[in-house]
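K.L.:
For reference, the file my_file-v2.json (JSON, C-alpha atoms) is included below:
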[["chain", "number", "residue", "atom", "x", "y", "z"],
["M", 1, "MET", "CA", -1.41, -6.89, 5.50],
["M", 2, "ARG", "CA", -2.11, -3.88, 7.69],
["M", 3, "GLU", "CA", 1.19, -4.35, 9.55],
["M", 4, "TYR", "CA", 3.05, -4.53, 6.22],
["M", 5, "VAL", "CA", 1.52, -1.24, 5.03],
["M", 6, "ILE", "CA", 2.18, 0.50, 8.36],
["M", 7, "ARG", "CA", 5.77, -0.72, 8.33],
["M", 8, "ARG", "CA", 6.29, 0.75, 4.86],
["M", 9, "PHE", "CA", 5.14, 4.23, 5.92],
["M", 10, "GLN", "CA", 6.73, 4.58, 9.35],
["M", 11, "PHE", "CA", 9.55, 7.03, 9.94],
["M", 12, "ARG", "CA", 11.34, 5.07, 12.69],
["M", 13, "GLY", "CA", 14.02, 2.47, 12.29],
["M", 14, "ARG", "CA", 16.58, 1.69, 9.64],
["M", 15, "ILE", "CA", 16.64, 0.03, 6.23],
["M", 16, "GLY", "CA", 19.59, -1.17, 4.20],
["M", 17, "ARG", "CA", 20.49, -0.31, 0.64],
["M", 18, "ARG", "CA", 18.68, -3.28, -0.89],
["M", 19, "GLN", "CA", 15.41, -2.45, 0.88],
["M", 20, "TYR", "CA", 15.87, 1.22, -0.06],
["M", 21, "TRP", "CA", 16.20, 0.40, -3.76],
["M", 22, "ILE", "CA", 13.31, -2.09, -3.69],
["M", 23, "SER", "CA", 11.04, 0.43, -1.97],
["M", 24, "THR", "CA", 12.12, 3.24, -4.30],
["M", 25, "LEU", "CA", 11.53, 1.17, -7.44],
["M", 26, "PHE", "CA", 8.16, 0.01, -6.08],
["M", 27, "LEU", "CA", 7.15, 3.63, -5.39],
["M", 28, "LEU", "CA", 8.29, 4.71, -8.87],
["M", 29, "LEU", "CA", 6.19, 1.93, -10.44],
["M", 30, "ALA", "CA", 3.23, 2.88, -8.25],
["M", 31, "TRP", "CA", 3.69, 6.52, -9.28],
["M", 32, "PHE", "CA", 3.80, 5.58, -12.98],
["M", 33, "PHE", "CA", 0.71, 3.36, -12.90],
["M", 34, "GLY", "CA", -1.19, 5.68, -10.55],
["M", 35, "ALA", "CA", -0.48, 8.67, -12.79],
["M", 36, "ALA", "CA", -1.63, 6.69, -15.83],
["M", 37, "ILE", "CA", -4.88, 5.77, -14.06],
["M", 38, "LEU", "CA", -5.48, 9.37, -12.96],
["M", 39, "ILE", "CA", -4.84, 10.67, -16.48],
["M", 40, "THR", "CA", -7.20, 8.04, -17.89],
["M", 41, "LEU", "CA", -9.90, 9.02, -15.40],
["M", 42, "ALA", "CA", -9.43, 12.69, -16.25],
["M", 43, "VAL", "CA", -9.72, 11.98, -19.98],
["M", 44, "LEU", "CA", -12.83, 9.85, -19.46],
["M", 45, "ASN", "CA", -14.39, 12.58, -17.33],
["M", 46, "TYR", "CA", -13.77, 15.27, -19.94],
["M", 47, "ASN", "CA", -16.87, 16.03, -22.03],
["M", 48, "PRO", "CA", -15.75, 17.97, -25.13],
["M", 49, "PRO", "CA", -18.63, 17.53, -27.66],
["M", 50, "ASN", "CA", -21.20, 19.74, -26.00],
["M", 51, "ASP", "CA", -18.87, 21.14, -23.31],
["M", 52, "THR", "CA", -21.57, 21.17, -20.65],
["M", 53, "ILE", "CA", -21.18, 20.59, -16.96],
["M", 54, "THR", "CA", -23.48, 17.89, -15.66],
["M", 55, "ASN", "CA", -23.92, 16.36, -12.23],
["M", 56, "SER", "CA", -21.86, 13.32, -13.26],
["M", 57, "THR", "CA", -19.07, 15.65, -14.46],
["M", 58, "ILE", "CA", -19.01, 17.44, -11.10],
["M", 59, "VAL", "CA", -18.99, 14.15, -9.18],
["M", 60, "GLY", "CA", -16.27, 12.81, -11.50],
["M", 61, "PHE", "CA", -14.02, 15.80, -10.93],
["M", 62, "VAL", "CA", -14.58, 15.74, -7.15],
["M", 63, "LEU", "CA", -13.71, 12.04, -7.04],
["M", 64, "LEU", "CA", -10.71, 12.68, -9.30],
["M", 65, "GLY", "CA", -9.52, 15.44, -6.95],
["M", 66, "ILE", "CA", -9.87, 13.16, -3.93],
["M", 67, "ALA", "CA", -8.05, 10.33, -5.73],
["M", 68, "MET", "CA", -5.26, 12.70, -6.80],
["M", 69, "THR", "CA", -4.86, 14.03, -3.24],
["M", 70, "VAL", "CA", -4.65, 10.51, -1.80],
["M", 71, "PHE", "CA", -2.24, 9.47, -4.56],
["M", 72, "VAL", "CA", 0.12, 12.40, -3.95],
["M", 73, "PHE", "CA", 0.00, 11.88, -0.18],
["M", 74, "VAL", "CA", 0.81, 8.17, -0.46],
["M", 75, "ILE", "CA", 3.68, 8.69, -2.91],
["M", 76, "VAL", "CA", 5.22, 11.61, -0.97],
["M", 77, "ALA", "CA", 4.84, 9.79, 2.37],
["M", 78, "GLY", "CA", 6.34, 6.65, 0.87],
["M", 79, "PHE", "CA", 9.40, 8.42, -0.54],
["M", 80, "ALA", "CA", 9.86, 10.42, 2.66],
["M", 81, "SER", "CA", 9.55, 7.34, 4.87],
["M", 82, "THR", "CA", 12.00, 5.36, 2.75],
["M", 83, "GLY", "CA", 14.48, 8.22, 2.66],
["M", 84, "VAL", "CA", 14.28, 8.93, 6.40],
["M", 85, "ARG", "CA", 14.80, 5.29, 7.34],
["M", 86, "ARG", "CA", 17.75, 5.05, 4.94],
["M", 87, "LEU", "CA", 19.26, 8.20, 6.44],
["M", 88, "HIS", "CA", 18.80, 6.64, 9.88],
["M", 89, "ASP", "CA", 20.84, 3.68, 8.68],
["M", 90, "ARG", "CA", 23.58, 6.13, 7.71],
["M", 91, "GLY", "CA", 23.43, 7.72, 11.19],
["M", 92, "LYS", "CA", 21.78, 10.96, 10.02],
["M", 93, "THR", "CA", 18.49, 12.59, 10.90],
["M", 94, "GLY", "CA", 15.59, 12.81, 8.49],
["M", 95, "TYR", "CA", 16.10, 16.55, 8.08],
["M", 96, "TRP", "CA", 18.74, 15.77, 5.47],
["M", 97, "LEU", "CA", 15.83, 14.99, 3.12],
["M", 98, "LEU", "CA", 15.11, 18.70, 2.97],
["M", 99, "LEU", "CA", 18.55, 19.13, 1.44],
["M", 100, "TYR", "CA", 18.23, 16.10, -0.81],
["M", 101, "TYR", "CA", 14.62, 16.41, -2.03],
["M", 102, "LEU", "CA", 13.39, 19.95, -1.42],
["M", 103, "LEU", "CA", 16.42, 22.15, -2.10],
["M", 104, "PRO", "CA", 17.11, 20.81, -5.64],
["M", 105, "SER", "CA", 13.49, 21.35, -6.66],
["M", 106, "MET", "CA", 13.61, 24.92, -5.35],
["M", 107, "MET", "CA", 16.97, 25.63, -7.00],
["M", 108, "ALA", "CA", 15.91, 24.15, -10.34],
["M", 109, "LYS", "CA", 13.35, 26.95, -10.67],
["M", 110, "ASN", "CA", 16.23, 29.45, -10.80],
["M", 111, "ALA", "CA", 18.29, 27.48, -13.30],
["M", 112, "GLY", "CA", 18.30, 29.30, -16.60],
["M", 113, "LEU", "CA", 20.50, 30.00, -19.58],
["M", 114, "ASP", "CA", 22.54, 32.79, -17.99],
["M", 115, "ALA", "CA", 25.69, 32.33, -15.87],
["M", 116, "VAL", "CA", 23.85, 32.40, -12.53],
["M", 117, "GLY", "CA", 21.28, 29.91, -13.79],
["M", 118, "PHE", "CA", 24.06, 27.65, -15.01],
["M", 119, "ILE", "CA", 25.66, 27.72, -11.56],
["M", 120, "PHE", "CA", 22.29, 26.92, -9.95],
["M", 121, "GLY", "CA", 21.92, 24.02, -12.35],
["M", 122, "LEU", "CA", 25.38, 22.65, -11.53],
["M", 123, "VAL", "CA", 24.77, 22.94, -7.78],
["M", 124, "THR", "CA", 21.40, 21.23, -8.18],
["M", 125, "ILE", "CA", 22.97, 18.35, -10.11],
["M", 126, "GLY", "CA", 25.73, 18.09, -7.50],
["M", 127, "ILE", "CA", 23.20, 17.85, -4.66],
["M", 128, "LEU", "CA", 21.20, 15.20, -6.53],
["M", 129, "ILE", "CA", 24.32, 13.14, -7.23],
["M", 130, "TRP", "CA", 25.38, 13.35, -3.58],
["M", 131, "ALA", "CA", 21.85, 12.34, -2.49],
["M", 132, "LEU", "CA", 22.03, 9.30, -4.77],
["M", 133, "VAL", "CA", 25.44, 8.35, -3.38],
["M", 134, "ASP", "CA", 24.46, 8.94, 0.26],
["M", 135, "LEU", "CA", 21.09, 7.20, 0.13],
["M", 136, "GLY", "CA", 21.69, 4.44, -2.36],
["M", 137, "ILE", "CA", 25.38, 3.58, -2.53],
["M", 138, "LEU", "CA", 27.20, 4.21, 0.75],
["M", 139, "PRO", "CA", 26.78, 1.49, 3.39],
["M", 140, "GLY", "CA", 25.02, 2.12, 6.68],
["M", 141, "GLU", "CA", 26.65, 2.16, 10.09],
["M", 142, "ALA", "CA", 27.95, -1.27, 11.07],
["M", 143, "GLY", "CA", 26.39, -1.64, 14.51],
["M", 144, "SER", "CA", 23.40, -0.23, 16.30],
["M", 145, "ASN", "CA", 23.01, 3.52, 16.37],
["M", 146, "THR", "CA", 20.55, 5.91, 18.01],
["M", 147, "PHE", "CA", 17.93, 5.05, 15.39],
["M", 148, "GLY", "CA", 17.90, 1.31, 15.97],
["M", 149, "PRO", "CA", 19.72, -1.94, 15.34],
["M", 150, "ASN", "CA", 21.55, -2.72, 12.12],
["M", 151, "PRO", "CA", 18.93, -4.06, 9.67],
["M", 152, "LEU", "CA", 21.43, -6.50, 8.15],
["M", 153, "LEU", "CA", 22.17, -8.42, 11.36],
["M", 154, "LYS", "CA", 20.32, -11.67, 12.07],
["M", 155, "ASN", "CA", 20.34, -11.14, 15.86],
["M", 156, "PRO", "CA", 20.46, -7.37, 16.31],
["M", 157, "GLU", "CA", 21.73, -5.86, 19.52],
["M", 158, "PRO", "CA", 19.48, -3.38, 21.31],
["M", 159, "PRO", "CA", 19.98, 0.31, 20.48],
["M", 160, "PRO", "CA", 22.24, 2.27, 22.84],
["M", 161, "ALA", "CA", 20.51, 4.06, 25.71],
["M", 162, "THR", "CA", 20.21, 7.82, 25.31]]
Rewrite the structure of this file - the entire thing - as structure tokens.

P.N.:
Amino acid sequence: MREYVIRRFQFRGRIGRRQYWISTLFLLLAWFFGAAILITLAVLNYNPPNDTITNSTIVGFVLLGIAMTVFVFVIVAGFASTGVRRLHDRGKTGYWLLLYYLLPSMMAKNAGLDAVGFIFGLVTIGILIWALVDLGILPGEAGSNTFGPNPLLKNPEPPPAT
């Protein structure tokens, strides 16, 4: 079990499209159910009738903060690990995730109803579409590359020496 979890969160190696989509869908489901649990815990911890802060309220919010921090770390690390290993399969470094994940979120803040905001929105959508195509649709490199053997081969050849 431990080896399975470690393998899911490592940043080395390559994964194919099928494993990428399975991992991404699993992480999306985990995000959905984890968010629902955190929201439920926050609602249960809220004390509206007398609006007083008790020791159990303080402990509840501290535990909720810890759970939320762990949840965000696991989800972000999972998506980053999956994306990096998929980029490795395409022969690219993991730094491309900054373009695919971080840049659109930063640009979306500037998207508004004026002409410049419209252009930012179009560029953001273009980057997201290209990320979807690059990570989830285009095939990986056929043989071994600098990041490891082809994950689809039954008897992979060793990676080339650098």

K.L.:
Using all atoms listed in the file, which residue out of M:Gly83, M:Pro104, M:Gly136, M:Gly34 lies closest to M:Thr124?

P.N.:
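The shortest atom-to-atom distance to M:Thr124 comes from M:Pro104.
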
K.L.:
Between atom CA of M:Gly148 and atom CA of M:Ser23, what distance in Å does the model show, to one decimal?

P.N.:
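Rounded to one decimal, the two atoms are 19.2 Å apart.
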
K.L.:
Between M:Leu135, M:Leu28, M:Leu153, M:Ala36, single out the one closest to M:Arg86, counting all atoms listed in the file.

P.N.:
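The shortest atom-to-atom distance to M:Arg86 comes from M:Leu135.
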
K.L.:
For the atom pair atom CA of M:Arg18 and atom CA of M:Met106, what is the interatomic distance in Å to one decimal place?

P.N.:
29.0 Å

K.L.:
Of the candidates M:Leu87, M:Leu103, M:Val74, M:Leu27, which one gets nearest to M:Gly121 if we count all atoms listed in the file?

P.N.:
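The closest residue to M:Gly121 is M:Leu103.
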
K.L.:
Taking all atoms listed in the file into account, which of M:Ile53, M:Ala35, M:Ala111, M:Ala30 comes nearest M:Ile125?

P.N.:
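Nearest to M:Ile125: M:Ala111.
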
K.L.:
With only C-alpha atoms as the atoms that count, which of M:Tyr101, M:Phe79, M:Phe71, M:Phe61 lies nearest to M:Phe26?

P.N.:
M:Phe79

K.L.:
Tell me which of M:Thr82, M:Ala42, M:Ile22, M:Arg90 sits closest to M:Val59, counting all atoms listed in the file.

P.N.:
M:Ala42

K.L.:
Kindly give the distance, in Å, that separates atom CA of M:Trp130 and atom CA of M:Leu98, rounded to a single decimal.

P.N.:
13.3 Å

K.L.:
Give me, as a tab-separated table, each residue of stretch 64-150 of chain M that comes within 12 Å of stretch 3-17 of chain M, together with its shortest interatomic pair and the distance in Å at one decimal, counting only C-alpha atoms, with rows ordered by chain and rising residue number.

P.N.:
residue	atom	partner	partner_atom	distance
M:Phe73	CA	M:Phe9	CA	11.1
M:Val74	CA	M:Phe9	CA	8.7
M:Ile75	CA	M:Phe9	CA	10.0
M:Val76	CA	M:Phe9	CA	10.1
M:Ala77	CA	M:Phe9	CA	6.6
M:Gly78	CA	M:Phe9	CA	5.7
M:Phe79	CA	M:Phe9	CA	8.8
M:Ala80	CA	M:Phe11	CA	8.0
M:Ser81	CA	M:Phe11	CA	5.1
M:Thr82	CA	M:Arg8	CA	7.6
M:Gly83	CA	M:Phe11	CA	8.9
M:Val84	CA	M:Phe11	CA	6.2
M:Arg85	CA	M:Arg14	CA	4.6
M:Arg86	CA	M:Ile15	CA	5.3
M:Leu87	CA	M:Arg14	CA	7.7
M:His88	CA	M:Arg14	CA	5.4
M:Asp89	CA	M:Arg14	CA	4.8
M:Arg90	CA	M:Arg14	CA	8.5
M:Gly91	CA	M:Arg14	CA	9.3
M:Lys92	CA	M:Arg14	CA	10.6
M:Thr93	CA	M:Arg12	CA	10.5
M:Gly94	CA	M:Phe11	CA	8.5
M:Tyr95	CA	M:Phe11	CA	11.7
M:Leu132	CA	M:Arg17	CA	11.1
M:Val133	CA	M:Arg17	CA	10.8
M:Asp134	CA	M:Arg17	CA	10.1
M:Leu135	CA	M:Arg17	CA	7.6
M:Gly136	CA	M:Arg17	CA	5.7
M:Ile137	CA	M:Arg17	CA	7.0
M:Leu138	CA	M:Arg17	CA	8.1
M:Pro139	CA	M:Arg17	CA	7.1
M:Gly140	CA	M:Gly16	CA	6.8
M:Glu141	CA	M:Gly16	CA	9.8
M:Ala142	CA	M:Gly16	CA	10.8
M:Gly143	CA	M:Arg14	CA	11.4
M:Ser144	CA	M:Arg14	CA	9.7
M:Asn145	CA	M:Arg14	CA	9.5
M:Thr146	CA	M:Gly13	CA	9.3
M:Phe147	CA	M:Gly13	CA	5.6
M:Gly148	CA	M:Gly13	CA	5.5
M:Pro149	CA	M:Arg14	CA	7.5
M:Asn150	CA	M:Arg14	CA	7.1

K.L.:
Just C-alpha atoms for this one: save the residues we selected as a JSON list (two decimals), in the frame of the given file.

P.N.:
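So the final result, stored in selection-v4.json, reads:
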[["chain", "number", "residue", "atom", "x", "y", "z"],
["M", 73, "PHE", "CA", 0.00, 11.88, -0.18],
["M", 74, "VAL", "CA", 0.81, 8.17, -0.46],
["M", 75, "ILE", "CA", 3.68, 8.69, -2.91],
["M", 76, "VAL", "CA", 5.22, 11.61, -0.97],
["M", 77, "ALA", "CA", 4.84, 9.79, 2.37],
["M", 78, "GLY", "CA", 6.34, 6.65, 0.87],
["M", 79, "PHE", "CA", 9.40, 8.42, -0.54],
["M", 80, "ALA", "CA", 9.86, 10.42, 2.66],
["M", 81, "SER", "CA", 9.55, 7.34, 4.87],
["M", 82, "THR", "CA", 12.00, 5.36, 2.75],
["M", 83, "GLY", "CA", 14.48, 8.22, 2.66],
["M", 84, "VAL", "CA", 14.28, 8.93, 6.40],
["M", 85, "ARG", "CA", 14.80, 5.29, 7.34],
["M", 86, "ARG", "CA", 17.75, 5.05, 4.94],
["M", 87, "LEU", "CA", 19.26, 8.20, 6.44],
["M", 88, "HIS", "CA", 18.80, 6.64, 9.88],
["M", 89, "ASP", "CA", 20.84, 3.68, 8.68],
["M", 90, "ARG", "CA", 23.58, 6.13, 7.71],
["M", 91, "GLY", "CA", 23.43, 7.72, 11.19],
["M", 92, "LYS", "CA", 21.78, 10.96, 10.02],
["M", 93, "THR", "CA", 18.49, 12.59, 10.90],
["M", 94, "GLY", "CA", 15.59, 12.81, 8.49],
["M", 95, "TYR", "CA", 16.10, 16.55, 8.08],
["M", 132, "LEU", "CA", 22.03, 9.30, -4.77],
["M", 133, "VAL", "CA", 25.44, 8.35, -3.38],
["M", 134, "ASP", "CA", 24.46, 8.94, 0.26],
["M", 135, "LEU", "CA", 21.09, 7.20, 0.13],
["M", 136, "GLY", "CA", 21.69, 4.44, -2.36],
["M", 137, "ILE", "CA", 25.38, 3.58, -2.53],
["M", 138, "LEU", "CA", 27.20, 4.21, 0.75],
["M", 139, "PRO", "CA", 26.78, 1.49, 3.39],
["M", 140, "GLY", "CA", 25.02, 2.12, 6.68],
["M", 141, "GLU", "CA", 26.65, 2.16, 10.09],
["M", 142, "ALA", "CA", 27.95, -1.27, 11.07],
["M", 143, "GLY", "CA", 26.39, -1.64, 14.51],
["M", 144, "SER", "CA", 23.40, -0.23, 16.30],
["M", 145, "ASN", "CA", 23.01, 3.52, 16.37],
["M", 146, "THR", "CA", 20.55, 5.91, 18.01],
["M", 147, "PHE", "CA", 17.93, 5.05, 15.39],
["M", 148, "GLY", "CA", 17.90, 1.31, 15.97],
["M", 149, "PRO", "CA", 19.72, -1.94, 15.34],
["M", 150, "ASN", "CA", 21.55, -2.72, 12.12]]
